[in-house]
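Asker: File name model.txt; file contents compact mmCIF, C-alpha atoms; full text below.
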```txt
# COMPACT_ATOMS: atom_id res chain seq x y z
CA MET A 1 0.00 0.00 0.00
CA SER A 2 1.17 3.51 -0.63
CA VAL A 3 -0.21 6.93 0.09
CA ASN A 4 -1.30 8.26 -3.26
CA LEU A 5 -0.84 12.01 -3.21
CA THR A 6 -0.91 14.11 -6.32
CA SER A 7 2.14 16.24 -7.04
CA GLU A 8 0.11 19.26 -5.94
CA GLN A 9 -0.77 17.58 -2.63
CA ARG A 10 2.89 16.62 -2.07
CA GLU A 11 3.88 20.23 -2.68
CA GLN A 12 1.23 21.39 -0.21
CA VAL A 13 2.51 18.95 2.42
CA ALA A 14 6.13 20.02 1.85
CA ALA A 15 5.22 23.71 2.06
CA GLU A 16 3.22 23.12 5.21
CA LEU A 17 6.07 21.20 6.84
CA LYS A 18 8.51 23.97 5.98
CA ARG A 19 6.16 26.61 7.42
CA PHE A 20 5.61 24.50 10.51
CA ALA A 21 9.34 24.04 11.10
CA GLY A 22 9.82 27.80 10.80
CA ASP A 23 7.00 28.47 13.28
CA LEU A 24 8.65 26.22 15.86
CA ASN A 25 11.89 28.25 15.65
CA LEU A 26 13.99 25.16 16.35
CA SER A 27 17.62 25.29 17.37
CA ASP A 28 20.07 23.28 15.25
CA ASP A 29 20.13 20.57 17.93
CA GLN A 30 16.32 20.41 17.99
CA LYS A 31 16.21 20.21 14.19
CA GLN A 32 18.54 17.22 14.24
CA LYS A 33 16.59 15.47 17.00
CA LEU A 34 13.29 16.04 15.19
CA HIS A 35 14.77 14.86 11.90
CA ASP A 36 16.02 11.68 13.61
CA ALA A 37 12.64 11.00 15.23
CA LEU A 38 10.74 11.50 11.97
CA ALA A 39 13.23 9.41 9.98
CA GLU A 40 12.92 6.55 12.46
CA GLY A 41 9.13 6.73 12.15
CA ARG A 42 9.33 6.60 8.34
CA VAL A 43 11.58 3.52 8.51
CA LYS A 44 9.19 1.74 10.87
CA VAL A 45 6.22 2.48 8.62
CA ALA A 46 8.14 1.31 5.54
CA ASP A 47 9.08 -1.91 7.35
CA TYR A 48 5.42 -2.41 8.31
CA ILE A 49 4.33 -2.02 4.68
CA LYS A 50 6.95 -4.53 3.53
CA SER A 51 5.85 -7.09 6.09
CA HIS A 52 2.13 -6.45 5.43
CA PRO A 53 1.83 -6.06 1.64
CA ASN A 54 -1.99 -6.30 1.67
CA VAL A 55 -2.53 -3.83 4.50
CA THR A 56 -5.76 -1.85 4.39
CA LYS A 57 -5.81 1.92 4.47
CA ALA A 58 -7.42 1.86 7.90
CA ASP A 59 -4.72 -0.45 9.28
CA MET A 60 -2.00 1.68 7.72
CA ILE A 61 -3.41 4.80 9.34
CA LYS A 62 -3.52 3.02 12.71
CA GLU A 63 0.14 2.07 12.25
CA VAL A 64 1.09 5.66 11.39
CA ALA A 65 -0.86 6.88 14.41
CA SER A 66 1.06 4.55 16.72
CA HIS A 67 4.37 5.92 15.43
CA ARG A 68 3.12 9.49 15.71
CA ASP A 69 2.53 8.84 19.41
CA GLN A 70 6.08 7.48 19.77
CA ILE A 71 7.47 10.56 18.02
CA ARG A 72 5.53 12.82 20.37
CA GLN A 73 7.00 10.99 23.36
CA ARG A 74 10.45 11.82 21.97
CA VAL A 75 9.78 15.48 21.15
CA VAL A 76 8.53 16.12 24.68
CA HIS A 77 12.15 15.77 25.78
CA PHE A 78 13.60 18.50 23.56
CA LEU A 79 10.85 20.97 22.65
CA THR A 80 10.04 23.86 24.95
CA PRO A 81 6.48 24.00 26.37
CA GLU A 82 5.60 26.70 23.81
CA GLN A 83 7.03 24.64 20.94
CA LEU A 84 5.21 21.55 22.18
CA LYS A 85 1.90 23.43 22.20
CA LYS A 86 2.50 24.47 18.57
CA TRP A 87 3.54 20.89 17.73
CA ASP A 88 0.29 19.48 19.14
CA THR A 89 -1.80 22.06 17.27
CA GLU A 90 -0.09 21.32 13.97
CA VAL A 91 -0.28 17.54 14.41
CA SER A 92 -4.00 17.92 15.03
CA LYS A 93 -4.34 19.86 11.77
CA ALA A 94 -2.31 17.21 9.94
CA LYS A 95 -4.61 14.47 11.23
CA GLU A 96 -7.56 16.29 9.70
CA PHE A 97 -5.69 16.87 6.44
CA MET A 98 -4.68 13.24 6.09
CA GLY A 99 -8.15 11.94 7.00
CA HIS A 100 -7.41 10.02 10.16
CA ASN A 101 -11.03 9.32 10.95
CA VAL A 102 -11.35 6.17 8.86
CA ALA A 103 -14.19 3.68 8.76
CA GLY A 104 -15.72 4.93 11.98
CA TRP A 105 -12.46 4.72 13.95
CA ASP A 106 -11.19 7.90 15.57
CA LEU A 107 -7.44 7.39 15.41
CA THR A 108 -6.77 10.57 17.33
CA GLN A 109 -8.24 8.84 20.38
CA ASN A 110 -7.52 5.25 19.27
CA ARG A 111 -11.17 4.30 19.74
CA PRO A 112 -14.38 4.05 17.70
CA ALA A 113 -15.68 7.47 16.61
```
Using structure tokens, write down the structure that the file contains.

Answerer:
Amino acid sequence: MSVNLTSEQREQVAAELKRFAGDLNLSDDQKQKLHDALAEGRVKVADYIKSHPNVTKADMIKEVASHRDQIRQRVVHFLTPEQLKKWDTEVSKAKEFMGHNVAGWDLTQNRPA
């Protein structure tokens, strides 16, 4: 399974991530730590897809959600309280953008909607 975004949607996501990173005003050390956390999450999701070639969209979104929670646990240790508040707000927006309420399952709360 793959996420099928149009080139326009990919550009929107990239622009939004760039804006978001600027809004957080990260130090160089924070940028590296965030990059590492996100890269690790991407690897885990890629490994999941390889080991589950027939995964459904709903299952894939649940898997992404579980890694998003792990990433948040990591960023708590290096973002300031103000940055963390912005992080949480932006992640919430991203959930809406990516459609994380799938088949009656609210993945933001990991329970049925």

Asker: For Ser27 of chain A, please output as a VMD selection string all residues within 12 Å (counting all atoms listed in the file; exclusion window: fewer than 4 positions along the same chain).

Answerer: chain A and resid 21 to 23 31 to 34 78 to 80 83

Asker: May I have the residues from that selection written out with C-alpha atoms, as a short mmCIF file (atom, residue, chain, number, x, y, z; two decimals), in the coordinates of the input?

Answerer:
```
data_model
loop_
_atom_site.label_atom_id
_atom_site.label_comp_id
_atom_site.auth_asym_id
_atom_site.auth_seq_id
_atom_site.Cartn_x
_atom_site.Cartn_y
_atom_site.Cartn_z
CA ALA A 21 9.34 24.04 11.10
CA GLY A 22 9.82 27.80 10.80
CA ASP A 23 7.00 28.47 13.28
CA LYS A 31 16.21 20.21 14.19
CA GLN A 32 18.54 17.22 14.24
CA LYS A 33 16.59 15.47 17.00
CA LEU A 34 13.29 16.04 15.19
CA PHE A 78 13.60 18.50 23.56
CA LEU A 79 10.85 20.97 22.65
CA THR A 80 10.04 23.86 24.95
CA GLN A 83 7.03 24.64 20.94
#
```

Asker: From the options A:Glu82, A:Glu11, A:Glu63, A:Asp28, which residue's atoms come nearest to Lys44 of chain A, counting all atoms listed in the file?

Answerer: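 When distances to Lys44 of chain A are compared using all atoms listed in the file, the smallest one comes from A:Glu63.
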
Asker: Quick one: everything within 10 Å of His67 of chain A, counting all atoms listed in the file, minus sequence neighbours fewer than 6 positions away in the same chain. Send it as a list of chain:residue names.

Answerer: A:Ala37, A:Leu38, A:Glu40, A:Gly41, A:Arg42, A:Lys44, A:Val45, A:Ile61, A:Gln73

Asker: Atom CA of Phe20 of chain A and atom CA of Ser66 of chain A, how far apart in Å?

Answerer: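 So the two atoms, atom CA of Ser66 of chain A and atom CA of Phe20 of chain A, lie 21.4 Å apart.
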
Asker: My list of candidates is A:Leu17, A:Pro81, A:Val55, A:Asp88. Which is closest to Asp69 of chain A when distances are computed with all atoms listed in the file?

Answerer: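 That would be A:Asp88, the residue with the smallest distance to Asp69 of chain A.
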
Asker: Quick one: of A:Ala15, A:Ala46, A:Ala58, A:Val75, who's nearest to Gln30 of chain A, counting only C-alpha atoms?

Answerer: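 With only C-alpha atoms as the atom set, the closest residue is A:Val75.
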
Asker: Record the distance separating atom CA of Ser51 of chain A and atom CA of Val64 of chain A, expressed in Å with one decimal.

Answerer: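 According to the coordinates, atom CA of Ser51 of chain A and atom CA of Val64 of chain A are separated by 14.6 Å.
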
Asker: What gap, in Å, lies between atom CA of Tyr48 of chain A and atom CA of Ser92 of chain A?

Answerer: 23.4 Å
